[in-house]
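Novice: Structure file target-v7.csv (CSV, C-alpha atoms) right here:
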```csv
chain,number,residue,atom,x,y,z
A,1,MET,CA,-86.6,53.9,212.1
A,2,THR,CA,-88.5,54.6,215.3
A,3,SER,CA,-88.3,51.8,217.9
A,4,VAL,CA,-91.7,50.2,218.4
A,5,PRO,CA,-92.5,47.9,221.3
A,6,ARG,CA,-92.4,44.3,220.2
A,7,THR,CA,-95.9,43.6,221.5
A,8,GLU,CA,-97.5,46.5,219.7
A,9,PRO,CA,-99.1,45.9,216.3
A,10,CYS,CA,-97.5,48.1,213.7
A,11,ILE,CA,-97.9,49.0,210.0
A,12,PHE,CA,-94.8,50.2,208.1
A,13,VAL,CA,-95.3,52.7,205.4
A,14,GLU,CA,-93.1,54.7,203.1
A,15,GLY,CA,-93.7,58.2,204.5
A,16,ARG,CA,-95.8,60.7,206.3
A,17,ASP,CA,-98.3,61.1,203.4
A,18,ASP,CA,-99.0,57.4,203.5
A,19,GLU,CA,-99.3,57.5,207.3
A,20,HIS,CA,-101.9,60.2,207.4
A,21,ALA,CA,-103.8,59.0,204.3
A,22,ILE,CA,-104.2,55.5,205.8
A,23,LEU,CA,-105.0,56.8,209.3
A,24,HIS,CA,-107.8,59.1,208.0
A,25,LEU,CA,-109.1,56.5,205.6
A,26,VAL,CA,-109.6,53.9,208.2
A,27,MET,CA,-111.0,56.5,210.6
A,28,ARG,CA,-113.7,57.3,208.1
A,29,HIS,CA,-114.6,53.6,208.3
A,30,GLY,CA,-115.0,53.9,212.1
A,31,LEU,CA,-111.6,52.4,213.0
A,32,THR,CA,-109.9,54.7,215.6
A,33,LYS,CA,-107.1,54.6,218.2
A,34,GLU,CA,-109.6,55.8,220.8
A,35,THR,CA,-112.1,52.9,220.3
A,36,LEU,CA,-109.9,50.0,219.4
A,37,SER,CA,-107.3,48.6,221.8
A,38,SER,CA,-105.5,46.7,219.0
A,39,PHE,CA,-105.2,49.7,216.6
A,40,PRO,CA,-101.7,49.6,215.0
A,41,TRP,CA,-98.9,52.1,215.3
A,42,ILE,CA,-98.2,53.5,211.8
A,43,GLU,CA,-94.5,53.8,211.2
A,44,PRO,CA,-93.1,56.0,208.3
A,45,SER,CA,-89.9,54.2,207.1
A,46,GLY,CA,-88.1,56.7,204.9
A,47,GLY,CA,-89.2,55.4,201.6
A,48,LYS,CA,-89.8,52.1,199.8
A,49,ASN,CA,-86.4,50.7,200.6
A,50,GLY,CA,-87.0,51.5,204.2
A,51,VAL,CA,-90.2,49.4,204.2
A,52,LEU,CA,-88.3,46.5,202.5
A,53,GLU,CA,-85.4,46.7,205.0
A,54,ALA,CA,-87.8,46.7,207.9
A,55,ILE,CA,-89.4,43.3,207.0
A,56,GLU,CA,-86.8,40.8,208.3
A,57,ALA,CA,-85.9,42.6,211.5
A,58,ALA,CA,-89.5,43.4,212.4
A,59,VAL,CA,-90.9,39.9,211.8
A,60,SER,CA,-88.0,38.1,213.5
A,61,ALA,CA,-88.4,40.4,216.6
A,62,GLY,CA,-92.1,40.3,216.7
A,63,THR,CA,-93.2,37.0,218.2
A,64,ASP,CA,-97.0,37.0,218.6
A,65,ARG,CA,-97.2,40.5,217.1
A,66,THR,CA,-99.1,41.7,214.0
A,67,LEU,CA,-97.2,43.7,211.3
A,68,GLY,CA,-98.3,45.3,208.1
A,69,PHE,CA,-96.2,46.6,205.2
A,70,VAL,CA,-97.6,49.1,202.7
A,71,LEU,CA,-95.4,50.2,199.8
A,72,ASP,CA,-95.7,51.4,196.2
A,73,ALA,CA,-95.6,49.2,193.1
A,74,ASP,CA,-94.0,52.0,191.2
A,75,ASP,CA,-93.3,50.9,187.6
A,76,ASN,CA,-93.2,47.2,188.2
A,77,LEU,CA,-95.6,45.4,190.5
A,78,GLY,CA,-94.0,42.0,190.0
A,79,ASP,CA,-90.5,43.2,190.9
A,80,THR,CA,-91.9,44.9,194.1
A,81,TRP,CA,-93.7,41.7,195.2
A,82,ARG,CA,-90.6,39.6,194.5
A,83,ALA,CA,-88.6,42.0,196.7
A,84,VAL,CA,-91.1,41.6,199.5
A,85,ALA,CA,-91.5,37.9,199.0
A,86,SER,CA,-87.8,37.1,199.1
A,87,ARG,CA,-87.6,38.9,202.5
A,88,LEU,CA,-90.6,37.2,203.9
A,89,ALA,CA,-89.3,33.8,202.8
A,90,LYS,CA,-86.2,34.4,205.0
A,91,VAL,CA,-88.5,34.6,208.1
A,92,ASP,CA,-90.6,31.6,207.1
A,93,VAL,CA,-93.6,33.3,205.7
A,94,GLN,CA,-95.1,31.3,202.9
A,95,VAL,CA,-95.8,33.5,199.9
A,96,PRO,CA,-97.6,32.9,196.6
A,97,GLY,CA,-96.2,33.7,193.2
A,98,LYS,CA,-98.1,37.0,193.1
A,99,ILE,CA,-99.8,39.2,195.7
A,100,PRO,CA,-103.5,38.4,196.0
A,101,GLU,CA,-105.7,41.3,194.8
A,102,GLU,CA,-107.3,41.5,198.3
A,103,GLY,CA,-103.8,41.9,199.9
A,104,PHE,CA,-101.6,39.4,201.5
A,105,VAL,CA,-102.0,38.0,205.1
A,106,ASP,CA,-100.2,35.1,206.6
A,107,VAL,CA,-98.2,34.0,209.7
A,108,SER,CA,-94.5,33.3,210.1
A,109,SER,CA,-94.2,29.7,211.1
A,110,ARG,CA,-91.0,30.4,213.0
A,111,TYR,CA,-91.8,33.6,214.8
A,112,ARG,CA,-95.6,33.4,215.1
A,113,THR,CA,-95.7,36.9,213.7
A,114,ARG,CA,-98.9,37.8,211.7
A,115,VAL,CA,-97.8,39.6,208.5
A,116,GLY,CA,-99.7,41.6,205.9
A,117,VAL,CA,-98.7,43.3,202.7
A,118,TRP,CA,-100.5,45.8,200.5
A,119,ILE,CA,-98.9,47.1,197.4
A,120,MET,CA,-100.2,50.5,196.2
A,121,PRO,CA,-102.4,51.3,194.5
A,122,ASP,CA,-104.4,48.1,194.4
A,123,ASN,CA,-102.2,45.0,194.4
A,124,GLU,CA,-102.9,44.7,190.6
A,125,CYS,CA,-101.5,47.7,188.8
A,126,THR,CA,-98.3,49.7,188.7
A,127,GLY,CA,-98.4,53.1,190.4
A,128,GLU,CA,-98.2,54.5,193.9
A,129,LEU,CA,-100.2,56.1,196.8
A,130,GLU,CA,-101.3,59.0,194.6
A,131,ASP,CA,-102.9,56.6,192.1
A,132,PHE,CA,-104.9,55.0,194.9
A,133,LEU,CA,-106.0,58.4,196.2
A,134,GLU,CA,-106.9,59.6,192.7
A,135,GLY,CA,-109.4,56.8,192.7
A,136,LEU,CA,-111.0,58.4,195.8
A,137,VAL,CA,-112.0,61.4,193.7
A,138,ASP,CA,-115.7,61.4,192.9
A,139,GLY,CA,-116.1,59.9,189.4
A,140,GLY,CA,-118.3,62.8,188.2
A,141,ASN,CA,-115.9,65.5,189.3
A,142,PRO,CA,-115.0,67.6,186.2
A,143,LEU,CA,-111.9,69.0,187.7
A,144,LEU,CA,-110.0,65.7,187.7
A,145,PRO,CA,-109.8,65.3,183.9
A,146,HIS,CA,-109.0,69.0,183.7
A,147,ALA,CA,-106.1,68.4,186.2
A,148,GLN,CA,-104.9,65.5,184.1
A,149,GLU,CA,-105.0,67.6,180.9
A,150,SER,CA,-103.4,70.6,182.5
A,151,THR,CA,-100.6,68.4,184.0
A,152,ASN,CA,-99.9,66.8,180.6
A,153,HIS,CA,-99.8,70.3,179.0
A,154,ALA,CA,-97.5,71.6,181.7
A,155,LYS,CA,-95.1,68.7,181.0
A,156,LEU,CA,-95.1,69.7,177.3
A,157,LEU,CA,-94.3,73.3,178.4
A,158,GLY,CA,-91.3,72.1,180.4
A,159,ALA,CA,-92.6,71.1,183.8
A,160,ALA,CA,-89.7,69.3,185.5
A,161,PHE,CA,-91.5,66.5,187.4
A,162,PRO,CA,-90.5,63.0,186.1
A,163,ASP,CA,-93.0,60.9,184.2
A,164,ALA,CA,-93.2,58.5,187.1
A,165,LYS,CA,-94.6,61.3,189.3
A,166,THR,CA,-97.3,62.4,186.9
A,167,GLY,CA,-100.0,61.0,189.2
A,168,LYS,CA,-98.7,62.9,192.1
A,169,ALA,CA,-98.7,66.1,190.0
A,170,VAL,CA,-102.3,65.5,188.9
A,171,LEU,CA,-103.5,65.0,192.4
A,172,HIS,CA,-101.8,68.0,193.8
A,173,ALA,CA,-103.2,70.1,191.0
A,174,TRP,CA,-106.7,68.8,191.8
A,175,LEU,CA,-106.3,69.5,195.5
A,176,ALA,CA,-105.1,73.1,194.7
A,177,TRP,CA,-108.5,73.8,193.2
A,178,GLN,CA,-110.6,73.0,196.2
A,179,ASP,CA,-112.3,75.6,198.4
A,180,ASN,CA,-109.4,75.2,200.9
A,181,PRO,CA,-106.5,74.7,198.4
A,182,GLY,CA,-103.6,72.3,198.8
A,183,ARG,CA,-104.8,70.3,201.8
A,184,PRO,CA,-102.6,67.3,202.7
A,185,TYR,CA,-103.9,63.9,201.7
A,186,GLY,CA,-105.1,62.9,205.2
A,187,THR,CA,-106.9,66.1,205.7
A,188,ALA,CA,-108.5,65.8,202.3
A,189,ILE,CA,-109.9,62.4,203.2
A,190,LYS,CA,-111.0,63.7,206.6
A,191,SER,CA,-112.8,66.7,205.0
A,192,GLY,CA,-114.6,64.5,202.4
A,193,TYR,CA,-112.7,66.0,199.4
A,194,LEU,CA,-111.5,62.4,198.8
A,195,ARG,CA,-114.1,59.6,199.2
A,196,HIS,CA,-113.5,56.7,201.5
A,197,ASP,CA,-115.7,54.2,199.8
A,198,SER,CA,-114.2,53.5,196.4
A,199,GLU,CA,-113.7,49.8,195.5
A,200,ALA,CA,-110.0,50.0,196.2
A,201,ALA,CA,-110.6,51.8,199.4
A,202,GLU,CA,-113.1,49.2,200.6
A,203,ARG,CA,-110.7,46.4,199.7
A,204,PHE,CA,-107.8,48.2,201.6
A,205,VAL,CA,-110.0,48.6,204.7
A,206,ALA,CA,-111.1,45.0,204.5
A,207,TRP,CA,-107.4,43.9,204.4
A,208,PHE,CA,-106.6,46.2,207.3
A,209,ARG,CA,-109.5,44.7,209.3
A,210,GLN,CA,-108.4,41.2,208.5
A,211,LEU,CA,-104.8,41.7,209.3
A,212,PHE,CA,-105.3,43.4,212.7
A,213,ALA,CA,-108.5,41.5,213.6
A,214,LEU,CA,-110.5,44.7,214.1
A,215,ASP,CA,-114.1,44.3,214.7
A,216,GLY,CA,-115.0,48.0,215.0
```
Can you present the structure in this file as structure tokens?

Specialist:
Amino acid sequence: MTSVPRTEPCIFVEGRDDEHAILHLVMRHGLTKETLSSFPWIEPSGGKNGVLEAIEAAVSAGTDRTLGFVLDADDNLGDTWRAVASRLAKVDVQVPGKIPEEGFVDVSSRYRTRVGVWIMPDNECTGELEDFLEGLVDGGNPLLPHAQESTNHAKLLGAAFPDAKTGKAVLHAWLAWQDNPGRPYGTAIKSGYLRHDSEAAERFVAWFRQLFALDG
């Protein structure tokens, strides 16, 4: 994990795809490093376990600092939240029995660190970043159901991706059929292939604003 100054706000994410997707999504909403002095550093953490492992150390070292943690629900939202909650409890952050649908924000009573958590895709469903991003595809786009059907057919023909990564395979298939094929997630958001104003996207940006107290 990259060392980040203790006074700098930071959001820990699973990997580079998450970093660039979040960065370009909030930028589409007018939140940029250039215009906001409190814009957070986005730190890829080497996967879900990396985000979980960062929680205790980052919160305990971050007096008067704001920290966010974004990770995938994968196949069990409840287990993911319990893994997060057990770590937050160790650093005196009060946690509810389940993550709020608008995302979690609170303060460590011991360290005065402001802490936020978002579990992809939407704090309510199982899934991952790609399920969140699939929701940014325009609802009337005929290529998305075709990508879903084609991906399912490819699986029947022996495609080797695991069932848990079906959403990722669908999204990459859809991106492969755009006028500039195969753009990375962040670039796809920046270019407008993926919308920035779905319900889940609006809720994520509202959580981001609340956590980092951004007025831009």

Novice: Considering all atoms listed in the file, state which residue in the set A:Tyr185, A:Phe132, A:Trp174, A:Phe208 is at the smallest distance from Phe69 (chain A).

Specialist: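 Closest to Phe69 (chain A), using all atoms listed in the file: A:Phe208.
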
Novice: Could you pull the residues within 12 Å of Gly30 (chain A), counting only C-alpha atoms, minus those fewer than 3 positions along the same chain, as a list of chain:residue names?

Specialist: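 Selected residues are A:Leu23, A:His24, A:Leu25, A:Val26, A:Met27, A:Lys33, A:Glu34, A:Thr35, A:Leu36, A:Phe39, A:Lys190, A:His196, A:Val205, A:Arg209, A:Leu214, A:Asp215, A:Gly216.
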
Novice: Please tabulate, as CSV, the residues of region 113-139 of chain A that come within 12 Å of region 82-93 of chain A, each with its closest pair of atoms and the distance in Å to one decimal, counting all atoms listed in the file and ordering rows by chain, then residue number upward.

Specialist:
```
residue,atom,partner,partner_atom,distance
A:Thr113,CA,A:Val93,CA,9.0
A:Arg114,CA,A:Val93,CA,9.2
A:Val115,CA,A:Val93,CA,8.1
A:Gly116,CA,A:Val93,CA,10.3
A:Val117,CA,A:Val84,CA,8.4
A:Trp118,CA,A:Val84,CA,10.3
A:Ile119,CA,A:Val84,CA,9.8
```

Novice: For the atom pair CA of Gly140 (chain A) and CA of Ala169 (chain A), what is the interatomic distance in Å to one decimal place?

Specialist: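 Result for CA of Gly140 (chain A) versus CA of Ala169 (chain A): 20.0 Å, one decimal.
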
Novice: When you draw a straight line from CA of Ala188 (chain A) to CA of His172 (chain A), how long is it in Å?

Specialist: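 The value is 11.0 Å.
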
Novice: Give me the residues within 12 Å of Gln148 (chain A) as a PyMOL selection string, counting all atoms listed in the file and dropping any in the same chain fewer than 5 places off.

Specialist: chain A and resi 134+142-143+153-155+166-174

Novice: Those residues with C-alpha atoms, as an mmCIF file, in the coordinates of the input please?

Specialist:
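This went into result-v9.cif:
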```cif
data_model
loop_
_atom_site.group_PDB
_atom_site.id
_atom_site.type_symbol
_atom_site.label_atom_id
_atom_site.label_comp_id
_atom_site.auth_asym_id
_atom_site.auth_seq_id
_atom_site.Cartn_x
_atom_site.Cartn_y
_atom_site.Cartn_z
ATOM 1 C CA GLU A 134 -106.900 59.600 192.700
ATOM 2 C CA PRO A 142 -115.000 67.600 186.200
ATOM 3 C CA LEU A 143 -111.900 69.000 187.700
ATOM 4 C CA HIS A 153 -99.800 70.300 179.000
ATOM 5 C CA ALA A 154 -97.500 71.600 181.700
ATOM 6 C CA LYS A 155 -95.100 68.700 181.000
ATOM 7 C CA THR A 166 -97.300 62.400 186.900
ATOM 8 C CA GLY A 167 -100.000 61.000 189.200
ATOM 9 C CA LYS A 168 -98.700 62.900 192.100
ATOM 10 C CA ALA A 169 -98.700 66.100 190.000
ATOM 11 C CA VAL A 170 -102.300 65.500 188.900
ATOM 12 C CA LEU A 171 -103.500 65.000 192.400
ATOM 13 C CA HIS A 172 -101.800 68.000 193.800
ATOM 14 C CA ALA A 173 -103.200 70.100 191.000
ATOM 15 C CA TRP A 174 -106.700 68.800 191.800
#
```

Novice: In Å, how far is it from CA of Ser38 (chain A) to CA of Asp197 (chain A)?

Specialist: 23.0 Å

Novice: Would you please work out which residue, of A:Leu156, A:Ala147, A:Ala164, A:Ile11, is nearest to Ala73 (chain A) when using all atoms listed in the file?

Specialist: A:Ala164

Novice: Give the answer as one residue: which of A:Trp177, A:Asp64, A:Ala54, A:Val13 has the shortest atom-to-atom distance to Leu144 (chain A), using all atoms listed in the file?

Specialist: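 Of A:Trp177, A:Asp64, A:Ala54, A:Val13, the one nearest Leu144 (chain A) is A:Trp177, counting all atoms listed in the file.
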